[in-house]
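Down below is the structure, laid out as structure tokens.
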Amino acid sequence: MNFEKTRLKFDTTKLIKDYQDFITNNEFVTDDKTLVDFNAICINRKEGDESSVTGGNVRGKYWTYPTDTAAEEERLEYVDEEAYNEICPEFAGTYTEEVYNECKKHYKLGRMRFLMKPPRSCLSWHRDPERRLHIPIITNLGCRMVIENEAQYMSTEHVYITDNTKYHNFFNGGEENRVHIVATILE
Ligand SMILES: [Fe+2]
């Protein structure tokens, strides 16, 4: 199954507040400042390790087809997802921490991040090492995740599992930023 709705339910308004508080006080972290369309905020980190939420650790290994040949290429470094088990200090005591802890009761998780996609932007056609848990918090009707040949609009009413081990993409065809909490599922 490419997309699966879970039974989890969270207060989107509270998550938006945590997200907005964070960007008021901090900034997005990217591994490359020219990558203006990749905007991530790490919610958890390796224990006591500030560097685990910067640089390439914000992104992680993936595979892609960069040209019209069938030559798949591997990009970026492997991330030790299992080591991410501590809430980042900025989120300690917030509703986001409650959400993180609740999700961990149901799934074995690696990294959890807020991922923002600006309007009129999309990702590469790629696959990741693991599936993902998606909590949409700000979206619009022009947003779609595409896995293989299936496209899905993800509503803020639901929490989804997406099979990112298959080739996929995401595009925001609307005119406002899209923000999801995305967590790696390890099993
Ligand atoms: Fe992906």
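A note on labels: chains of the structure tokens are A, B, ... as shown, every chain counts residues from 1, and ligands are counted from 1 in their shown order.
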Identify, with DSSP run on backbone atoms, the residues in chain A assigned to alpha helix (DSSP H), and express the list as a PDB file with C-alpha atoms, in the first residue's frame.
```pdb
ATOM      1  CA  THR A  12      -3.108  20.829  14.258  1.00  0.00           C
ATOM      2  CA  THR A  13      -3.624  24.327  15.703  1.00  0.00           C
ATOM      3  CA  LYS A  14      -1.203  23.589  18.558  1.00  0.00           C
ATOM      4  CA  LEU A  15       1.364  22.149  16.137  1.00  0.00           C
ATOM      5  CA  ILE A  16       1.149  25.224  13.915  1.00  0.00           C
ATOM      6  CA  LYS A  17       1.804  27.384  16.974  1.00  0.00           C
ATOM      7  CA  ASP A  18       4.921  25.364  17.918  1.00  0.00           C
ATOM      8  CA  TYR A  19       6.134  25.567  14.330  1.00  0.00           C
ATOM      9  CA  GLN A  20       5.597  29.315  14.116  1.00  0.00           C
ATOM     10  CA  ASP A  21       7.198  29.906  17.540  1.00  0.00           C
ATOM     11  CA  PHE A  22      10.248  27.982  16.350  1.00  0.00           C
ATOM     12  CA  ILE A  23      10.723  29.960  13.137  1.00  0.00           C
ATOM     13  CA  THR A  24      10.205  33.227  15.006  1.00  0.00           C
ATOM     14  CA  ASN A  25      13.105  32.334  17.317  1.00  0.00           C
ATOM     15  CA  TYR A  95       2.783  19.993  22.419  1.00  0.00           C
ATOM     16  CA  THR A  96       5.144  18.815  19.664  1.00  0.00           C
ATOM     17  CA  GLU A  97       6.986  16.762  22.298  1.00  0.00           C
ATOM     18  CA  GLU A  98       3.665  15.179  23.348  1.00  0.00           C
ATOM     19  CA  VAL A  99       2.990  14.294  19.716  1.00  0.00           C
ATOM     20  CA  TYR A 100       6.476  12.805  19.367  1.00  0.00           C
ATOM     21  CA  ASN A 101       6.004  10.676  22.492  1.00  0.00           C
ATOM     22  CA  GLU A 102       2.545   9.530  21.399  1.00  0.00           C
ATOM     23  CA  CYS A 103       3.791   8.504  17.946  1.00  0.00           C
ATOM     24  CA  LYS A 104       6.626   6.542  19.577  1.00  0.00           C
ATOM     25  CA  LYS A 105       4.071   4.482  21.521  1.00  0.00           C
ATOM     26  CA  HIS A 106       2.707   3.193  18.202  1.00  0.00           C
TER      27      HIS A 106
END
```
- [ ] Would you list the residues that come within 6 Å of ligand 1? Count only C-alpha atoms and all ligand atoms and give the answer as number ranges by chain.
- [x] A: 127-128, 164
Output N, CA and C atoms for every residue in the selection just made, as a JSON list (two decimals), in the first residue's frame.
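Generated output (result_21.json):
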```json
[["chain", "number", "residue", "atom", "x", "y", "z"],
["A", 127, "ARG", "N", 13.75, 7.62, -4.08],
["A", 127, "ARG", "CA", 13.27, 6.68, -3.04],
["A", 127, "ARG", "C", 14.17, 6.82, -1.82],
["A", 128, "ASP", "N", 13.61, 6.53, -0.66],
["A", 128, "ASP", "CA", 14.32, 6.64, 0.62],
["A", 128, "ASP", "C", 14.52, 5.25, 1.21],
["A", 164, "ASN", "N", 7.83, 5.35, 1.33],
["A", 164, "ASN", "CA", 8.89, 6.10, 0.64],
["A", 164, "ASN", "C", 10.00, 5.21, 0.12]]
```
Task: Minimum-distance residue to Glu176 (chain A), chosen among A:Arg120, A:Arg75, A:Lys108, A:Arg59 (using only C-alpha atoms) - done: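 Smallest distance to Glu176 (chain A) is found for A:Arg120.
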Open item on the list: Using Å and a single decimal, report how far CA of Thr54 (chain A) sits from CA of His158 (chain A).
Closed with: 29.2 Å
TODO: Excluding region 180-187 of chain A and residues on its chain fewer than 2 positions from it, collect all residues at most 8 Å away from it, counting only C-alpha atoms, and give them as a PyMOL selection string.
DONE: chain A and resi 81-82+107-116+130-139+178
Task: Nearest to Asp163 (chain A) by atom-to-atom distance, counting only C-alpha atoms, from A:Tyr78, A:Pro118, A:Gly60, A:Pro129 - done: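 Going through A:Tyr78, A:Pro118, A:Gly60, A:Pro129 one by one, the smallest distance to Asp163 (chain A) is for A:Pro129.
With only C-alpha atoms taken into account, the protein and nucleic acid residues at most 9 Å from Lys117 (chain A) (excluding it and anything under 6 positions from it in its own chain) are A:Asp37, A:Phe38, A:Asn39, A:Leu123, A:Phe170, A:Phe171, A:Asn172, A:Glu176, A:Asn177, A:Arg178, A:Val179, A:His180.
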Writer output for current selection, N, CA and C atoms, as an mmCIF file, in the first residue's frame:
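Saved the output as out23.cif:
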```
data_model
loop_
_atom_site.group_PDB
_atom_site.id
_atom_site.type_symbol
_atom_site.label_atom_id
_atom_site.label_comp_id
_atom_site.auth_asym_id
_atom_site.auth_seq_id
_atom_site.Cartn_x
_atom_site.Cartn_y
_atom_site.Cartn_z
ATOM 1 N N ASP A 37 14.740 25.413 -1.471
ATOM 2 C CA ASP A 37 13.456 24.722 -1.467
ATOM 3 C C ASP A 37 13.424 23.530 -0.523
ATOM 4 N N PHE A 38 14.484 23.342 0.257
ATOM 5 C CA PHE A 38 14.455 22.270 1.259
ATOM 6 C C PHE A 38 14.572 22.891 2.633
ATOM 7 N N ASN A 39 13.480 22.875 3.365
ATOM 8 C CA ASN A 39 13.416 23.584 4.636
ATOM 9 C C ASN A 39 12.991 22.627 5.726
ATOM 10 N N LEU A 123 9.958 18.026 -5.182
ATOM 11 C CA LEU A 123 11.164 17.276 -4.855
ATOM 12 C C LEU A 123 11.679 16.552 -6.092
ATOM 13 N N PHE A 170 6.998 14.903 -4.170
ATOM 14 C CA PHE A 170 5.952 15.724 -3.565
ATOM 15 C C PHE A 170 5.942 17.059 -4.293
ATOM 16 N N PHE A 171 4.764 17.571 -4.604
ATOM 17 C CA PHE A 171 4.743 18.935 -5.151
ATOM 18 C C PHE A 171 3.698 19.787 -4.453
ATOM 19 N N ASN A 172 4.050 21.063 -4.297
ATOM 20 C CA ASN A 172 3.129 22.066 -3.777
ATOM 21 C C ASN A 172 2.768 22.992 -4.923
ATOM 22 N N GLU A 176 0.671 28.860 -1.103
ATOM 23 C CA GLU A 176 1.108 29.052 0.280
ATOM 24 C C GLU A 176 2.058 27.918 0.662
ATOM 25 N N ASN A 177 2.873 28.164 1.694
ATOM 26 C CA ASN A 177 3.780 27.117 2.151
ATOM 27 C C ASN A 177 3.006 25.884 2.609
ATOM 28 N N ARG A 178 3.615 24.732 2.415
ATOM 29 C CA ARG A 178 3.055 23.492 2.952
ATOM 30 C C ARG A 178 3.982 22.989 4.048
ATOM 31 N N VAL A 179 3.424 22.588 5.194
ATOM 32 C CA VAL A 179 4.242 22.077 6.302
ATOM 33 C C VAL A 179 3.676 20.751 6.800
ATOM 34 N N HIS A 180 4.520 19.730 6.812
ATOM 35 C CA HIS A 180 4.159 18.443 7.423
ATOM 36 C C HIS A 180 5.190 18.129 8.505
#
```
